[in-house]
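Below is one structure, written out as structure tokens; the observations come after it.
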Amino acid sequence: MSEHPAIRFLELEKVYKEGFWRVGKPSLRNVSFDVPAGQIFGFLGANGAGKTTSIKIALGLQSATKGRVQIFGENVDQAHSRARIGYLPERPYFHLNLGANEFLDFHRRLYGAAIPGKRRPSNQELLTLVGIPEVGDRLLRNFSKGMLQRIGLAQTLLNDPDLVILDEPMSGLDPVGRREVRNLLLELNKMGKTIFFSSHILSDIESICQRIAFLEKGELKYCGKIDDLVERNAREFEILFRLEEAGKNAELVTLGKLEAHGKLSRLSVSGSGEARRATEKLWSLGAEVISFSPVHRGLEDILFGEKGGARK
Amino acid sequence: MISVIFGIALNTWKQMVRDRIFYVVLIVACLMLGFSYLLATLTIVESRKILLDFGFSAVSIASGMTAVYLGIVSVAREIEQRTIYTIVSKPISRSQYLLGKFLGSVLVVGATHLLLSLNIAGILWIMGEPAPAGFAACLLLIFLESLVLLGIAFFCSSFASSILAAGVTVAFFLIGRSNSSFQVMAEKGLTASTRSVGKALYYLTPNLERFNIRDIVAYARPFPQEMLWVGLAYAAAYVAVCLAMSCLIIRRRDLP
């Protein structure tokens, strides 16, 4: 495995022209983060946050106004830096007059000679892997949207890539299709591939990613492990305890939200200080504390919060 | 590198020969040739001249329009429809992509041209008329004219939208056929600035008249052999410049 990160975004900035002369607002502002090799990395943000722009720069489809992107330590302006990448754009834009096998053969040829030590999978292996083994001779024109997405995924794996970059790979898929793509990404990751994919569907990212980067209006708001983010934002605590007539205790009611069910009660409190005070109080009352646990908030709550804005 | 270019060329060929619009152009061209045959059979005298006159024009227009269509579809439309994404995100350069597309388009224009040329030769054979001197040279020059148009279409496609690129290329086609009028303007303009503009336009726009020996061949006049070599060199130079500029532009272009 390479010692370099799979992708390194370095002080990336992108400003598009508006019309012929006018310079528009920056789409990306000083975005820097690493995508470690061997992980599933989620790239989050609302529509227009700058995810697709970042990906396009990483693939050399667009140039950065400032900063640069490296793939396994190589600058992306070198065409051969893309030899270890498999890429699927946001919507499947393919030559629809080609058959599935012709399409795969064409894209395979673009990779040139195989990298030593890499075994390139056959078309049939790839079609089977993505769940459409029987369509080799069919024209892409006759494919459904889900099938196009799958053949697109097959195309990303032609060169046995070390890094798979997917832009909104689950958009437009039905729930079954989404689950299958998620499983495929997990399987690819088990094979040692780094997966970097963008999405605005948080549940997709939360369920399979180890790390995330979150963009908001072109700025990086968070980059790191999902667990760290969730832990850091676990501000609600739940204490499960056993105490006779806890519901009638006025002191306990003032500490937080109390739910008493016979002898067993649950006390929900906000903030770690309040949680400690509540626990001490329970002990002083002779309660038997059964469990003490932080209430995990979903990524959506953490990233978009009550005000709709992201927190660092 | 060569393998990648050939791969893209082959893919372009496959796409185009399955494109319905391509067949519409072919059918229209064949109908035009059929019409020229009909016209020739209805005429008592000089039927061969009429057949050749109409036939060459039909081949020229069909080949030219095929070239314009291919130039636009191969680059501008690929960028607009974003089919270019999965191709240039591979470890290839954009120049390889462009050259592959051009080569594939040349194959398609060549095949179209060959088909129409055989068509017109077949009509001559049916009519029992021998092919006149310069028949093959005339068709070759029409093919070279198509390649110049293809080069211009590629150049326009490298920076403009498909509609704009098509419009500009067709404008070049029309201007190129009356390029000699700029020469007149350069020589006989009333003011110095008019003459300068005429001169600039004369050199900047393609001189498609260099590829036109249609009347000479149709009227069985001897055609100057050097026109073939001059035409060949002119087309090669024009296409090379167009492709070089297209490569320079597309390498720097942000894809939408």
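Ordering of the structure tokens sets the chain letters (A, B, ...); residue numbers start at 1 within each chain; ligands are numbered from 1 in the order shown.
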
Using only C-alpha atoms, determine which residues lie at most 6 Å from Ala76 (chain B), disregarding the query and same-chain residues fewer than 4 positions distant; provide the list as a ChimeraX atom specification. /B:72,157,161-162

Based on the selection just made, write N, CA and C atoms of those residues as a PDB file, in the first residue's frame.
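This is the output file result-v8.pdb:
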```pdb
ATOM      1  N   ILE B  72     -18.948  18.304 -35.064  1.00  0.00           N
ATOM      2  CA  ILE B  72     -19.716  18.857 -33.939  1.00  0.00           C
ATOM      3  C   ILE B  72     -20.044  17.748 -32.930  1.00  0.00           C
ATOM      4  N   SER B 157     -15.503  23.367 -32.331  1.00  0.00           N
ATOM      5  CA  SER B 157     -16.048  22.553 -31.236  1.00  0.00           C
ATOM      6  C   SER B 157     -15.180  22.597 -29.986  1.00  0.00           C
ATOM      7  N   SER B 161     -20.162  26.053 -28.187  1.00  0.00           N
ATOM      8  CA  SER B 161     -21.259  25.086 -28.047  1.00  0.00           C
ATOM      9  C   SER B 161     -21.514  24.447 -29.406  1.00  0.00           C
ATOM     10  N   SER B 162     -22.264  23.354 -29.410  1.00  0.00           N
ATOM     11  CA  SER B 162     -22.473  22.632 -30.671  1.00  0.00           C
ATOM     12  C   SER B 162     -23.211  23.488 -31.694  1.00  0.00           C
TER      13      SER B 162
END
```

Do you have, as a tab-separated table, the list of residues of chain B lying at most 7 Å from chain A, each with its nearest atom pair and that distance in Å to one decimal, counting only C-alpha atoms and ordered by chain then number?
```
residue	atom	partner	partner_atom	distance
B:Val4	CA	A:Leu110	CA	5.5
B:Gly7	CA	A:Arg109	CA	6.5
B:Asn11	CA	A:Phe106	CA	6.8
B:Gln15	CA	A:Asn97	CA	5.6
B:Arg18	CA	A:Asn97	CA	6.3
B:Gln81	CA	A:Tyr93	CA	6.8
B:Arg82	CA	A:Tyr93	CA	5.8
B:Thr83	CA	A:Tyr93	CA	4.8
B:Thr86	CA	A:Tyr87	CA	6.9
B:Ser89	CA	A:Leu59	CA	5.7
B:Lys90	CA	A:Arg82	CA	5.8
B:Pro91	CA	A:Ala79	CA	4.7
B:Ile92	CA	A:Ala79	CA	5.6
B:Ser93	CA	A:Ala79	CA	6.1
B:Asp254	CA	A:Gln62	CA	4.4
B:Leu255	CA	A:Leu61	CA	5.7
```

Do a neighbour search on region 128-145 of chain A at 7 Å with only C-alpha atoms, toss out local chain neighbours closer than 4 positions, and write the hits as an mmCIF file with N, CA and C atoms, in the first residue's frame.
```
data_model
loop_
_atom_site.group_PDB
_atom_site.id
_atom_site.type_symbol
_atom_site.label_atom_id
_atom_site.label_comp_id
_atom_site.auth_asym_id
_atom_site.auth_seq_id
_atom_site.Cartn_x
_atom_site.Cartn_y
_atom_site.Cartn_z
ATOM 1 N N LEU A 96 -24.463 5.621 -25.957
ATOM 2 C CA LEU A 96 -25.565 4.667 -25.870
ATOM 3 C C LEU A 96 -25.691 3.761 -27.089
ATOM 4 N N ASN A 97 -24.931 4.075 -28.153
ATOM 5 C CA ASN A 97 -24.983 3.218 -29.341
ATOM 6 C C ASN A 97 -24.071 2.001 -29.226
ATOM 7 N N LEU A 98 -23.400 1.875 -28.099
ATOM 8 C CA LEU A 98 -22.495 0.734 -27.922
ATOM 9 C C LEU A 98 -23.176 -0.371 -27.128
ATOM 10 N N GLY A 99 -22.739 -1.605 -27.374
ATOM 11 C CA GLY A 99 -23.171 -2.721 -26.546
ATOM 12 C C GLY A 99 -22.367 -2.707 -25.248
ATOM 13 N N ALA A 100 -22.850 -3.459 -24.236
ATOM 14 C CA ALA A 100 -22.180 -3.439 -22.937
ATOM 15 C C ALA A 100 -20.727 -3.904 -23.053
ATOM 16 N N ASN A 101 -20.496 -4.992 -23.787
ATOM 17 C CA ASN A 101 -19.124 -5.493 -23.935
ATOM 18 C C ASN A 101 -18.255 -4.517 -24.735
ATOM 19 N N GLN A 124 -17.122 -10.211 -18.233
ATOM 20 C CA GLN A 124 -18.154 -11.030 -17.604
ATOM 21 C C GLN A 124 -18.025 -11.007 -16.078
ATOM 22 N N GLN A 149 -26.172 2.792 -14.292
ATOM 23 C CA GLN A 149 -25.354 3.059 -13.116
ATOM 24 C C GLN A 149 -24.433 1.863 -12.831
ATOM 25 N N ARG A 150 -24.987 0.677 -13.021
ATOM 26 C CA ARG A 150 -24.216 -0.539 -12.747
ATOM 27 C C ARG A 150 -23.112 -0.742 -13.782
ATOM 28 N N ALA A 154 -19.119 -0.917 -13.272
ATOM 29 C CA ALA A 154 -18.236 -1.945 -13.854
ATOM 30 C C ALA A 154 -17.065 -1.270 -14.568
#
```

List the neighbours of region 210-220 of chain A out to 6 Å using only C-alpha atoms; skip same-chain residues closer than 5 positions along the sequence, and give me the result as a list in words. Ser27, Leu28, Arg29, Val31, Ile40, Phe41, Gly42, Phe43, Leu44, Gly45, Ala49, Gly50, Lys225 and Ile226 of chain A

Would you please give, as a list of chain:residue names, all residues of region 170-226 of chain A that DSSP assigns to alpha helix (DSSP H) based on the backbone?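 Selection result, alpha helix (DSSP H) within region 170-226 of chain A: A:Pro175, A:Val176, A:Gly177, A:Arg178, A:Arg179, A:Glu180, A:Val181, A:Arg182, A:Asn183, A:Leu184, A:Leu185, A:Leu186, A:Glu187, A:Leu188, A:Asn189, A:Lys190, A:Leu202, A:Ser203, A:Asp204, A:Ile205, A:Glu206, A:Ser207, A:Ile208, A:Ile226.
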
Selection: 7 Å around Pro5 (chain A), only C-alpha atoms, excl. self and same-chain fewer than 6 positions, as a short mmCIF file (atom, residue, chain, number, x, y, z; two decimals) with N, CA and C atoms, in the first residue's frame:
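Contents of result_31.cif, freshly written:
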```cif
data_model
loop_
_atom_site.label_atom_id
_atom_site.label_comp_id
_atom_site.auth_asym_id
_atom_site.auth_seq_id
_atom_site.Cartn_x
_atom_site.Cartn_y
_atom_site.Cartn_z
N ASP A 34 -6.93 15.21 3.44
CA ASP A 34 -6.38 13.97 2.87
C ASP A 34 -7.43 12.88 2.90
N VAL A 35 -7.40 12.06 1.88
CA VAL A 35 -8.21 10.85 1.88
C VAL A 35 -7.24 9.68 2.08
N PRO A 36 -7.22 9.09 3.27
CA PRO A 36 -6.24 8.02 3.53
C PRO A 36 -6.51 6.79 2.66
N ALA A 37 -5.43 6.15 2.27
CA ALA A 37 -5.57 4.95 1.43
C ALA A 37 -6.25 3.83 2.22
N PHE A 72 -2.14 9.65 -4.88
CA PHE A 72 -1.02 8.81 -4.43
C PHE A 72 0.31 9.54 -4.60
#
```

Test item, strand (DSSP E or B) assignment across region 183-296 of chain A, answer as an MDAnalysis selection string: chainID A and resid 194:199 211:216 219:225 236:242 257:261 264:270 288:295

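Going from CA of Phe292 (chain A) over to CA of Leu255 (chain A), you cover 14.9 Å.
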
Which residues are close to Val23 (chain A), i.e. within 12 Å by only C-alpha atoms, leaving aside same-chain residues fewer than 6 positions away? Reply as number ranges by chain. A: 14-17, 65

Leaving out Val241 (chain B) and any residue of its chain fewer than 3 positions from it, which residues lie within 12 Å of it when counting only C-alpha atoms, given as a list in words?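 Residues near the query, excluding close chain neighbours: Val148, Gly151, Ile152, Phe154, Phe155, Leu204, Pro206, Tyr234, Ala235, Ala236, Ala237, Tyr238, Ala244, Met245, Ser246, Cys247 and Leu248 of chain B.
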
Using C-alpha atoms, can you export the residues from the last selection as an mmCIF file, in the first residue's frame?
```cif
data_model
loop_
_atom_site.group_PDB
_atom_site.id
_atom_site.type_symbol
_atom_site.label_atom_id
_atom_site.label_comp_id
_atom_site.auth_asym_id
_atom_site.auth_seq_id
_atom_site.Cartn_x
_atom_site.Cartn_y
_atom_site.Cartn_z
ATOM 1 C CA VAL B 148 -10.855 20.854 -44.245
ATOM 2 C CA GLY B 151 -10.839 20.346 -39.218
ATOM 3 C CA ILE B 152 -12.728 23.632 -38.913
ATOM 4 C CA PHE B 154 -13.157 20.352 -34.657
ATOM 5 C CA PHE B 155 -11.527 23.706 -34.075
ATOM 6 C CA LEU B 204 -7.880 33.493 -42.682
ATOM 7 C CA PRO B 206 -10.338 28.527 -46.191
ATOM 8 C CA TYR B 234 -3.356 22.925 -48.655
ATOM 9 C CA ALA B 235 -5.772 20.498 -46.959
ATOM 10 C CA ALA B 236 -2.964 18.871 -44.965
ATOM 11 C CA ALA B 237 -1.676 22.241 -43.771
ATOM 12 C CA TYR B 238 -5.149 23.569 -42.954
ATOM 13 C CA ALA B 244 -3.015 21.922 -33.372
ATOM 14 C CA MET B 245 -5.121 24.881 -32.258
ATOM 15 C CA SER B 246 -7.957 22.562 -31.138
ATOM 16 C CA CYS B 247 -5.503 20.542 -29.028
ATOM 17 C CA LEU B 248 -4.097 23.692 -27.446
#
```

In terms of the shortest atom-to-atom distance over only C-alpha atoms, which of B:Ala121, B:Ile87, B:Met1, B:Leu201 is closest to Phe56 (chain B)?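 Looking at the shortest contact to Phe56 (chain B), the residue is B:Ala121.
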